[in-house]
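Heads up: the structure comes next, in structure tokens.
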Amino acid sequence: MMTEVAPENDFESIPGTYVQDAAHYQNGYGLNMFCMSLNNAENRAKFKADEAAYIDQFDMSPAQRSAVLERDWLGMLQLGGNIYYTFKIAAFDGLNMQQVGAKMSGTGMRFEDFQQMMLNGGRPIDGNRYKGESDNG
Amino acid sequence: MMTEVAPENDFESIPGTYVQDAAHYQNGYGLNMFCMSLNNAENRAKFKADEAAYIDQFDMSPAQRSAVLERDWLGMLQLGGNIYYTFKIAAFDGLNMQQVGAKMSGTGMRFEDFQQMMLNGGRPIDGNRYKGESDNG
Amino acid sequence: MAKVFSGMGTSHIPAVGAAIDHGKQGEDYWQGYFKGLEPARAWHAQNRPDVVIIVYNDHASAFSLEQISTFTIGVSDKFLPADEGYGPRKVPVVQGHPALAWHLVESLVLDEFDMAISNNMPVDHGLTVPLSVAYDAPAEWPVKVIPLCVNVIQYPQPTAKRCHDLGVAIRKAIHSYGEDINVSIWGTGGLSHQLQGERAGVINSDFDTVFMDNLVNDPIANTKLTHADFIREAGSEGIEMIMWNIMRGAMAPKVEELYRFYHVPVSNTAYGLQILKDSE
Amino acid sequence: MAKVFSGMGTSHIPAVGAAIDHGKQGEDYWQGYFKGLEPARAWHAQNRPDVVIIVYNDHASAFSLEQISTFTIGVSDKFLPADEGYGPRKVPVVQGHPALAWHLVESLVLDEFDMAISNNMPVDHGLTVPLSVAYDAPAEWPVKVIPLCVNVIQYPQPTAKRCHDLGVAIRKAIHSYGEDINVSIWGTGGLSHQLQGERAGVINSDFDTVFMDNLVNDPIANTKLTHADFIREAGSEGIEMIMWNIMRGAMAPKVEELYRFYHVPVSNTAYGLQILKDSE
Ligand SMILES: [Fe+3]
Ligand SMILES: [Fe+3]
């Protein structure tokens, strides 16, 4: 984008967060449209029958393709995926949002630990507002 | 509609004009969606093969159905049709906008007369602003 | 003439719908949550409007990245539960109110809100979970519904101020509708939550509390929050809170808070519920 | 920084496209019309912007009654000619400018315009005829294009004032775009015409002339016209003229009129063309 970001919309400084801005939209378009296609039961059956063949219909990069096939949840976000879309794959796999949450933490966090963190009141906001403030833990 | 019309948007007083408002939208929805389907070449082929069977797919009243099959151009508008939509049927029939214009005039106007009226500067606005002002001629 | 009957803010967490649909309300995890809903449900049982405008967002169910509208009003007479990836929720079809919906569209566009109109809009958990929150699992929903779908996913979302102003214009539109009916408005989504990324799971109860306090006493304060404020403080999906501003804008300048319930966690989210009524 | 290079108003009558596509420019009916375009085409040959924002309406080609957005910006890198019922026009694919398009979306939404975004938007005669007017029939269009699609079919259309204000906000957005490029804006559609009903064929040259005069000297006067004014005075499809207000709003408060051409009839329509440039 050849444009100046309004200072109040500096998302770059927020840690561990992939904002759905124009660049993200453009990078993730094909990936997210694939995810959305799983709203349809017929499409889910096709994906189930042959994942690799099914996703070949969509305009996705090799890295996006692998991230989907390997269920690299964090990688999908980094490659333009949006959680509301990529969660369609999690639903397909029978995973819930906390299971996916643990996998996206990028620290090898176990589901049980993520679950306990939520029961304890969630990931603390203190230390997690700005990059470099902490380890997002 | 259970709502008062802002006085500046009193369209009822305009002669020979079917404004695409909420009531028109609701009345004409199925008819207009049928018309729009003719944007697709496969659909045009199906409509060509059997007009009556093709339009049965759409949610249209018997009166709308007949108006389409009989090419009652004014009737279609009175039943909720919008000219941008119903003109798809004219395009299908190979008619141009002046031919349809003549047919909609509701006075049995011939195409040649409509054409000449346009060459003479169009239908005059004077006498055609308010219902009852003139015969819209 | 129609009047504004009540306002409600509520999160629309899909897990709440799943808990109700699969009869889990009695489980340890859910008991405290559903107990907190009881007073709200009792109030809703006694205080039933004719129509509810549900301000919600679609979660890649009806609308994709192909076509994103800032504000969309559903003008159909019915809205089917959407298949979000695991089959549609087995909840009643939502009955619309086309006459009021069209009146809203007319009034809002003439008031310089650039609305989109949809006649075919399957509704996902964003809309149906709030109905379950209020009415549990009836055979038919007891109210008619006008869906008002807001883009909260794609930056740039409408600003917090624009959302409040839309609410103010909705109030004006309701008050100019000629039939004597009661219209409620619900703002849904939030409160603080982040579903995605290394920061997934972030919760900011202080922010949520101040936001709900401001909705009662100082709604204009909530219109000054920027996109980055929401995303940084309330998590990337916490920005759904802008939809509560639309609800609040449609209420009188002074309101009474009839009930508040706040519960952490529900799934990865801070759950909030607030029932508001115009002050006399 | 980018700047506003020029503005143009032009009708977008499909018959003009058909005349060009089928080589009828020499026929008696068309000679006077195409002669009147010559100075405009000569000017466009010498004065080429990098990008043109084409404000137009879709005619039941890309969008149906199912989903109607007030203002839609096309953010794709290309836009295919639409099949309007007789196969797509055989004109070049329209090349987009996603970076500027997204900048417009961001700037406009933050300025409280409730835009819709489309990534898949075949373009009909509303957009391609103005390109043919300016550039005839080249192998590739010589400019990149950002389509800005306006609802002019379904009441309530945006008001004449809202359209002007959108233009003003577009000017601000262009001026805040970081690349040194020239951006033109075209308002299309109109002038007076009514395609439908017993009053089909109505033309109001006095109204058209005053409207074009006002675009030069008193653009605010054109923002005071109501929906009924346009429909009554300029015909039911004459309301397309609101799109010229968007163009005018994006120009400086004072403009110079470089060229005007007015011709009746083209098909059932009064054809108008006006090229404007900011005054120094
Ligand atoms: Fe949500
Ligand atoms: Fe047009």
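Each chain in the structure tokens gets a letter, A, B and so on, in the order shown; residues start at 1 in every chain, and ligands are counted from 1 in the order they appear.
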
Just want the 12 Å neighbourhood of Asn214 in chain D, counted on only C-alpha atoms, with same-chain residues fewer than 5 positions away dropped. Output as a JSON list (two decimals) with N, CA, C and O atoms, in the first residue's frame.
[["chain", "number", "residue", "atom", "x", "y", "z"],
["D", 207, "PHE", "N", -33.57, 21.26, -18.17],
["D", 207, "PHE", "CA", -33.07, 20.73, -16.89],
["D", 207, "PHE", "C", -31.61, 20.30, -17.04],
["D", 207, "PHE", "O", -30.76, 20.61, -16.19],
["D", 208, "ASP", "N", -31.30, 19.59, -18.13],
["D", 208, "ASP", "CA", -29.94, 19.11, -18.36],
["D", 208, "ASP", "C", -28.96, 20.28, -18.45],
["D", 208, "ASP", "O", -27.85, 20.23, -17.90],
["D", 209, "THR", "N", -29.38, 21.33, -19.15],
["D", 209, "THR", "CA", -28.49, 22.48, -19.35],
["D", 209, "THR", "C", -28.21, 23.18, -18.03],
["D", 209, "THR", "O", -27.06, 23.52, -17.72],
["D", 219, "PRO", "N", -22.14, 24.17, -8.00],
["D", 219, "PRO", "CA", -22.38, 22.73, -7.78],
["D", 219, "PRO", "C", -23.29, 22.46, -6.59],
["D", 219, "PRO", "O", -23.98, 21.44, -6.56],
["D", 220, "ILE", "N", -23.31, 23.36, -5.62],
["D", 220, "ILE", "CA", -24.15, 23.13, -4.44],
["D", 220, "ILE", "C", -25.63, 23.13, -4.83],
["D", 220, "ILE", "O", -26.44, 22.42, -4.23],
["D", 221, "ALA", "N", -25.97, 23.92, -5.85],
["D", 221, "ALA", "CA", -27.38, 23.92, -6.31],
["D", 221, "ALA", "C", -27.80, 22.51, -6.71],
["D", 221, "ALA", "O", -28.93, 22.10, -6.45],
["D", 222, "ASN", "N", -26.91, 21.75, -7.33],
["D", 222, "ASN", "CA", -27.26, 20.39, -7.76],
["D", 222, "ASN", "C", -27.38, 19.41, -6.60],
["D", 222, "ASN", "O", -27.87, 18.30, -6.79],
["D", 223, "THR", "N", -26.90, 19.80, -5.43],
["D", 223, "THR", "CA", -27.02, 18.91, -4.27],
["D", 223, "THR", "C", -28.38, 19.05, -3.61],
["D", 223, "THR", "O", -28.69, 18.30, -2.68],
["D", 224, "LYS", "N", -29.15, 20.04, -4.03],
["D", 224, "LYS", "CA", -30.45, 20.28, -3.39],
["D", 224, "LYS", "C", -31.59, 19.59, -4.10],
["D", 224, "LYS", "O", -32.74, 19.66, -3.66],
["D", 225, "LEU", "N", -31.31, 18.94, -5.20],
["D", 225, "LEU", "CA", -32.35, 18.24, -5.95],
["D", 225, "LEU", "C", -32.75, 16.98, -5.20],
["D", 225, "LEU", "O", -31.90, 16.23, -4.71],
["D", 244, "TRP", "N", -22.91, 12.27, -11.45],
["D", 244, "TRP", "CA", -22.09, 13.41, -11.87],
["D", 244, "TRP", "C", -21.73, 14.28, -10.66],
["D", 244, "TRP", "O", -20.70, 14.94, -10.65],
["D", 245, "ASN", "N", -22.59, 14.28, -9.66],
["D", 245, "ASN", "CA", -22.29, 15.05, -8.44],
["D", 245, "ASN", "C", -21.07, 14.48, -7.70],
["D", 245, "ASN", "O", -20.34, 15.23, -7.06],
["D", 248, "ARG", "N", -18.16, 15.82, -9.50],
["D", 248, "ARG", "CA", -17.97, 17.25, -9.26],
["D", 248, "ARG", "C", -17.43, 17.53, -7.87],
["D", 248, "ARG", "O", -16.59, 18.41, -7.67],
["D", 253, "PRO", "N", -13.25, 23.55, -5.67],
["D", 253, "PRO", "CA", -14.47, 24.38, -5.61],
["D", 253, "PRO", "C", -14.66, 25.18, -6.90],
["D", 253, "PRO", "O", -15.78, 25.30, -7.37],
["D", 254, "LYS", "N", -13.58, 25.69, -7.48],
["D", 254, "LYS", "CA", -13.70, 26.39, -8.77],
["D", 254, "LYS", "C", -13.09, 25.53, -9.87],
["D", 254, "LYS", "O", -11.97, 25.06, -9.75],
["D", 255, "VAL", "N", -13.87, 25.41, -10.94],
["D", 255, "VAL", "CA", -13.38, 24.61, -12.08],
["D", 255, "VAL", "C", -13.54, 25.38, -13.38],
["D", 255, "VAL", "O", -14.32, 26.33, -13.47],
["D", 257, "GLU", "N", -14.46, 24.72, -17.41],
["D", 257, "GLU", "CA", -15.10, 23.75, -18.31],
["D", 257, "GLU", "C", -14.31, 23.75, -19.62],
["D", 257, "GLU", "O", -14.32, 24.74, -20.36],
["D", 274, "GLN", "N", -19.06, 16.54, -20.58],
["D", 274, "GLN", "CA", -18.49, 17.75, -20.01],
["D", 274, "GLN", "C", -17.11, 17.39, -19.45],
["D", 274, "GLN", "O", -17.00, 16.42, -18.70]]

Find the nearest atom pair between each residue of chain C and ligand 1 for residues within 6 Å, count only C-alpha atoms and all ligand atoms, give distances in Å to one decimal, sort rows by chain and ascending number, and present the table as a Markdown table.
| residue | atom | partner | partner_atom_place_in_ligand_line | distance |
| --- | --- | --- | --- | --- |
| C:Asn57 | CA | ligand 1 | 1 (Fe) | 5.8 |
| C:Gly126 | CA | ligand 1 | 1 (Fe) | 5.5 |
| C:Gly189 | CA | ligand 1 | 1 (Fe) | 4.9 |

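Around ligand 2, using only C-alpha atoms and all ligand atoms and a cut-off of 10 Å, the residues in contact are Tyr84 of chain B; Ser11, His12, Ile13, Pro14, Tyr56, Asn57, Asp58, His59, Asp124, His125, Gly126, Leu127, Val152, Ile153, Thr188, Gly189, Gly190, Leu191, His193, Glu237, Gly238, Ile239, Glu240 and Met241 of chain D.
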
Quick one: write out the picked residues with N, CA and C atoms as a short mmCIF file (atom, residue, chain, number, x, y, z; two decimals), in the first residue's frame?
data_model
loop_
_atom_site.label_atom_id
_atom_site.label_comp_id
_atom_site.auth_asym_id
_atom_site.auth_seq_id
_atom_site.Cartn_x
_atom_site.Cartn_y
_atom_site.Cartn_z
N TYR B 84 -34.64 -2.09 -16.26
CA TYR B 84 -33.27 -2.59 -16.43
C TYR B 84 -33.27 -4.12 -16.44
N SER D 11 -22.79 10.56 -20.41
CA SER D 11 -23.80 9.51 -20.45
C SER D 11 -23.11 8.20 -20.80
N HIS D 12 -23.78 7.08 -20.47
CA HIS D 12 -23.16 5.78 -20.78
C HIS D 12 -24.14 4.88 -21.55
N ILE D 13 -24.74 5.45 -22.55
CA ILE D 13 -25.81 4.79 -23.31
C ILE D 13 -25.29 3.54 -24.04
N PRO D 14 -25.93 2.39 -23.83
CA PRO D 14 -25.42 1.16 -24.47
C PRO D 14 -25.35 1.25 -25.99
N TYR D 56 -20.23 4.79 -11.82
CA TYR D 56 -21.22 4.26 -12.76
C TYR D 56 -22.25 3.46 -11.98
N ASN D 57 -23.25 3.00 -12.70
CA ASN D 57 -24.17 2.05 -12.05
C ASN D 57 -24.21 0.77 -12.86
N ASP D 58 -24.45 -0.28 -12.13
CA ASP D 58 -24.66 -1.59 -12.72
C ASP D 58 -26.13 -1.69 -13.13
N HIS D 59 -26.38 -2.34 -14.30
CA HIS D 59 -27.74 -2.45 -14.82
C HIS D 59 -28.17 -3.92 -14.77
N ASP D 124 -20.45 -3.61 -16.76
CA ASP D 124 -21.34 -3.53 -17.92
C ASP D 124 -21.15 -2.22 -18.67
N HIS D 125 -22.12 -1.90 -19.57
CA HIS D 125 -21.98 -0.71 -20.39
C HIS D 125 -21.83 0.57 -19.57
N GLY D 126 -22.34 0.56 -18.36
CA GLY D 126 -22.22 1.73 -17.51
C GLY D 126 -20.78 2.16 -17.34
N LEU D 127 -19.87 1.21 -17.31
CA LEU D 127 -18.45 1.50 -17.16
C LEU D 127 -17.69 1.45 -18.48
N VAL D 152 -28.42 3.33 -8.28
CA VAL D 152 -29.34 4.37 -8.78
C VAL D 152 -30.67 3.75 -9.18
N ILE D 153 -30.81 2.43 -9.02
CA ILE D 153 -32.01 1.75 -9.49
C ILE D 153 -33.06 1.65 -8.38
N THR D 188 -20.83 9.21 -14.61
CA THR D 188 -21.46 8.72 -15.84
C THR D 188 -22.97 8.57 -15.66
N GLY D 189 -23.64 8.29 -16.74
CA GLY D 189 -25.10 8.10 -16.72
C GLY D 189 -25.85 9.36 -17.11
N GLY D 190 -27.17 9.27 -17.09
CA GLY D 190 -27.99 10.40 -17.53
C GLY D 190 -27.75 10.69 -19.00
N LEU D 191 -28.00 11.90 -19.47
CA LEU D 191 -28.74 12.93 -18.74
C LEU D 191 -30.23 12.57 -18.77
N HIS D 193 -33.56 11.02 -19.22
CA HIS D 193 -34.14 9.93 -20.00
C HIS D 193 -35.08 9.11 -19.13
N GLU D 237 -34.95 7.29 -15.21
CA GLU D 237 -33.53 6.89 -15.27
C GLU D 237 -32.60 8.11 -15.26
N GLY D 238 -33.20 9.29 -15.37
CA GLY D 238 -32.41 10.53 -15.26
C GLY D 238 -31.75 10.68 -13.90
N ILE D 239 -32.27 9.96 -12.90
CA ILE D 239 -31.67 10.04 -11.57
C ILE D 239 -30.21 9.57 -11.56
N GLU D 240 -29.81 8.89 -12.64
CA GLU D 240 -28.38 8.55 -12.77
C GLU D 240 -27.47 9.78 -12.68
N MET D 241 -28.04 10.95 -12.90
CA MET D 241 -27.24 12.18 -12.84
C MET D 241 -26.60 12.42 -11.48
#

Exercise. What residues in chain C have any atom no more than 7 Å from chain B when counting only C-alpha atoms, and can you write them as a count of residues only?
Worked result: 6

Exercise. Could you write out as a count of residues only the residues of chain C within 7 Å of chain D, counting only C-alpha atoms?
Worked result: 22

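Reported to one decimal place, the separation of CA of Gly75 in chain A from CA of Ile231 in chain C is 20.5 Å.
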
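Those residues that approach Ile83 in chain A to within 10 Å, counting only C-alpha atoms, are A:Tyr18, A:Gln20, A:Asn32, A:Cys35, A:Trp73, A:Leu74, A:Met76, A:Leu77, A:Ile89, A:Ala90, A:Met97, A:Val100, C:His59, C:Ala60, C:Ile153, C:Gln194, C:Leu195, C:Gln196, C:Gly197, C:Glu237; same-chain residues fewer than 6 positions away are not listed.
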
Exercise. Leaving out Arg129 in chain B and any residue of its chain fewer than 5 positions from it, which residues lie within 7 Å of it when counting only C-alpha atoms, given as a PyMOL selection string?
Worked result: (chain B and resi 14-15) or (chain D and resi 232-233)

Exercise. So which residues touch Asp21 in chain D within 8 Å, counting only C-alpha atoms, skipping near sequence neighbours fewer than 4 positions away, as a list in words?
Worked result: Gly17, Arg89, Lys90 and Ala137 of chain D

File dump, residues just selected, all heavy atoms, as a PDB file, in the first residue's frame:
ATOM      1  N   GLY D  17     -21.994   2.174 -27.317  1.00  0.00           N
ATOM      2  CA  GLY D  17     -21.071   1.049 -27.357  1.00  0.00           C
ATOM      3  C   GLY D  17     -21.347   0.160 -28.563  1.00  0.00           C
ATOM      4  O   GLY D  17     -20.419  -0.244 -29.284  1.00  0.00           O
ATOM      5  N   ARG D  89     -19.559  -7.452 -24.214  1.00  0.00           N
ATOM      6  CA  ARG D  89     -18.954  -6.584 -25.241  1.00  0.00           C
ATOM      7  C   ARG D  89     -17.529  -7.077 -25.514  1.00  0.00           C
ATOM      8  O   ARG D  89     -16.801  -7.436 -24.595  1.00  0.00           O
ATOM      9  CB  ARG D  89     -18.844  -5.140 -24.749  1.00  0.00           C
ATOM     10  CG  ARG D  89     -20.096  -4.328 -24.827  1.00  0.00           C
ATOM     11  CD  ARG D  89     -19.784  -2.834 -24.559  1.00  0.00           C
ATOM     12  NE  ARG D  89     -19.109  -2.205 -25.683  1.00  0.00           N
ATOM     13  CZ  ARG D  89     -18.482  -1.024 -25.625  1.00  0.00           C
ATOM     14  NH1 ARG D  89     -18.408  -0.367 -24.474  1.00  0.00           N
ATOM     15  NH2 ARG D  89     -17.907  -0.519 -26.699  1.00  0.00           N
ATOM     16  N   LYS D  90     -17.158  -7.032 -26.780  1.00  0.00           N
ATOM     17  CA  LYS D  90     -15.795  -7.456 -27.140  1.00  0.00           C
ATOM     18  C   LYS D  90     -14.850  -6.277 -27.000  1.00  0.00           C
ATOM     19  O   LYS D  90     -14.340  -5.738 -27.972  1.00  0.00           O
ATOM     20  CB  LYS D  90     -15.778  -8.043 -28.546  1.00  0.00           C
ATOM     21  CG  LYS D  90     -16.483  -9.399 -28.572  1.00  0.00           C
ATOM     22  CD  LYS D  90     -16.414 -10.091 -29.916  1.00  0.00           C
ATOM     23  CE  LYS D  90     -17.208 -11.395 -29.872  1.00  0.00           C
ATOM     24  NZ  LYS D  90     -18.628 -11.210 -29.432  1.00  0.00           N
ATOM     25  N   ALA D 137     -11.702   2.427 -29.653  1.00  0.00           N
ATOM     26  CA  ALA D 137     -11.622   0.969 -29.596  1.00  0.00           C
ATOM     27  C   ALA D 137     -10.175   0.472 -29.649  1.00  0.00           C
ATOM     28  O   ALA D 137      -9.761  -0.192 -30.596  1.00  0.00           O
ATOM     29  CB  ALA D 137     -12.433   0.364 -30.746  1.00  0.00           C
TER      30      ALA D 137
END

For this session: May I have the residues within 7 Å of Val123 in chain D as an MDAnalysis selection string, using only C-alpha atoms and disregarding those fewer than 4 positions away in the same chain?
Result: chainID D and resid 62 79:82 127

Dump of all heavy atoms for the selected residues, as a CSV table (one decimal), in the first residue's frame:
chain,number,residue,atom,x,y,z
D,62,ALA,N,-23.9,-7.3,-12.8
D,62,ALA,CA,-23.1,-7.9,-11.7
D,62,ALA,C,-23.9,-8.1,-10.4
D,62,ALA,O,-23.7,-9.1,-9.7
D,62,ALA,CB,-21.9,-7.0,-11.4
D,79,PHE,N,-11.3,-6.5,-14.2
D,79,PHE,CA,-12.7,-6.5,-14.3
D,79,PHE,C,-13.2,-6.9,-15.7
D,79,PHE,O,-12.8,-6.2,-16.6
D,79,PHE,CB,-13.3,-5.1,-13.9
D,79,PHE,CG,-12.9,-4.6,-12.6
D,79,PHE,CD1,-11.7,-3.8,-12.4
D,79,PHE,CD2,-13.5,-5.0,-11.4
D,79,PHE,CE1,-11.3,-3.4,-11.2
D,79,PHE,CE2,-13.1,-4.6,-10.2
D,79,PHE,CZ,-12.0,-3.8,-10.1
D,80,LEU,N,-13.9,-8.0,-15.8
D,80,LEU,CA,-14.3,-8.6,-17.1
D,80,LEU,C,-15.5,-7.9,-17.6
D,80,LEU,O,-16.4,-7.6,-16.8
D,80,LEU,CB,-14.5,-10.1,-17.0
D,80,LEU,CG,-13.4,-10.9,-16.5
D,80,LEU,CD1,-13.8,-12.4,-16.4
D,80,LEU,CD2,-12.2,-10.8,-17.4
D,81,PRO,N,-15.6,-7.6,-18.9
D,81,PRO,CA,-16.9,-7.1,-19.4
D,81,PRO,C,-18.0,-8.1,-19.1
D,81,PRO,O,-17.9,-9.3,-19.3
D,81,PRO,CB,-16.6,-7.0,-20.9
D,81,PRO,CG,-15.1,-6.9,-21.0
D,81,PRO,CD,-14.6,-7.8,-19.9
D,82,ALA,N,-19.1,-7.6,-18.7
D,82,ALA,CA,-20.3,-8.5,-18.2
D,82,ALA,C,-21.1,-8.9,-19.4
D,82,ALA,O,-21.2,-8.2,-20.4
D,82,ALA,CB,-21.2,-7.7,-17.3
D,127,LEU,N,-19.9,1.2,-17.3
D,127,LEU,CA,-18.4,1.5,-17.2
D,127,LEU,C,-17.7,1.5,-18.5
D,127,LEU,O,-16.8,2.3,-18.7
D,127,LEU,CB,-17.8,0.5,-16.2
D,127,LEU,CG,-16.3,0.8,-15.8
D,127,LEU,CD1,-16.1,0.8,-14.3
D,127,LEU,CD2,-15.4,-0.1,-16.5

For this session: Run DSSP on the backbone of this structure and report the residues of range 53-117 of chain A it assigns to helix (DSSP H, G or I), as an NGL selection string.
Result: :A and (53-55 or 62-69 or 73-78 or 83-93 or 97-104 or 111-117)

Would you save the residues of that selection, restricted to C-alpha atoms, as a PDB file, in the first residue's frame?
ATOM      1  CA  ALA A  53      -7.205 -32.560  -5.145  1.00  0.00           C
ATOM      2  CA  TYR A  54      -9.979 -30.466  -3.662  1.00  0.00           C
ATOM      3  CA  ILE A  55      -7.782 -27.510  -2.751  1.00  0.00           C
ATOM      4  CA  PRO A  62       2.367 -23.747  -2.397  1.00  0.00           C
ATOM      5  CA  ALA A  63       3.047 -22.486   1.141  1.00  0.00           C
ATOM      6  CA  GLN A  64      -0.657 -21.932   1.769  1.00  0.00           C
ATOM      7  CA  ARG A  65      -1.418 -25.343   0.338  1.00  0.00           C
ATOM      8  CA  SER A  66       1.027 -27.041   2.685  1.00  0.00           C
ATOM      9  CA  ALA A  67      -0.171 -25.030   5.662  1.00  0.00           C
ATOM     10  CA  VAL A  68      -3.701 -26.300   5.013  1.00  0.00           C
ATOM     11  CA  LEU A  69      -2.714 -29.928   4.445  1.00  0.00           C
ATOM     12  CA  TRP A  73      -2.796 -23.039  12.141  1.00  0.00           C
ATOM     13  CA  LEU A  74      -0.338 -20.253  12.856  1.00  0.00           C
ATOM     14  CA  GLY A  75       1.211 -20.559   9.403  1.00  0.00           C
ATOM     15  CA  MET A  76      -2.189 -20.126   7.762  1.00  0.00           C
ATOM     16  CA  LEU A  77      -2.653 -16.812   9.598  1.00  0.00           C
ATOM     17  CA  GLN A  78       0.817 -15.681   8.642  1.00  0.00           C
ATOM     18  CA  ILE A  83      -9.442 -17.069  11.861  1.00  0.00           C
ATOM     19  CA  TYR A  84     -13.149 -16.806  11.004  1.00  0.00           C
ATOM     20  CA  TYR A  85     -12.287 -18.577   7.757  1.00  0.00           C
ATOM     21  CA  THR A  86      -9.581 -20.988   8.867  1.00  0.00           C
ATOM     22  CA  PHE A  87     -11.782 -22.114  11.738  1.00  0.00           C
ATOM     23  CA  LYS A  88     -13.944 -23.820   9.071  1.00  0.00           C
ATOM     24  CA  ILE A  89     -11.078 -26.314   8.728  1.00  0.00           C
ATOM     25  CA  ALA A  90     -10.997 -26.778  12.490  1.00  0.00           C
ATOM     26  CA  ALA A  91     -14.747 -27.445  12.482  1.00  0.00           C
ATOM     27  CA  PHE A  92     -14.172 -29.930   9.678  1.00  0.00           C
ATOM     28  CA  ASP A  93     -11.542 -31.652  11.851  1.00  0.00           C
ATOM     29  CA  MET A  97     -11.614 -22.979  19.418  1.00  0.00           C
ATOM     30  CA  GLN A  98      -9.521 -23.671  22.515  1.00  0.00           C
ATOM     31  CA  GLN A  99      -7.750 -26.567  20.844  1.00  0.00           C
ATOM     32  CA  VAL A 100      -6.923 -24.338  17.888  1.00  0.00           C
ATOM     33  CA  GLY A 101      -6.011 -21.516  20.275  1.00  0.00           C
ATOM     34  CA  ALA A 102      -3.370 -23.686  21.920  1.00  0.00           C
ATOM     35  CA  LYS A 103      -1.952 -24.726  18.559  1.00  0.00           C
ATOM     36  CA  MET A 104      -1.689 -21.095  17.391  1.00  0.00           C
ATOM     37  CA  PHE A 111      -4.555 -27.778  25.043  1.00  0.00           C
ATOM     38  CA  GLU A 112      -4.857 -28.449  28.767  1.00  0.00           C
ATOM     39  CA  ASP A 113      -2.630 -25.469  29.514  1.00  0.00           C
ATOM     40  CA  PHE A 114      -4.625 -23.211  27.213  1.00  0.00           C
ATOM     41  CA  GLN A 115      -7.832 -24.389  28.810  1.00  0.00           C
ATOM     42  CA  GLN A 116      -6.446 -23.722  32.272  1.00  0.00           C
ATOM     43  CA  MET A 117      -5.212 -20.276  31.203  1.00  0.00           C
TER      44      MET A 117
END

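CA of Pro98 in chain C to CA of Ile54 in chain C spans 14.1 Å [interatomic distance, one decimal].
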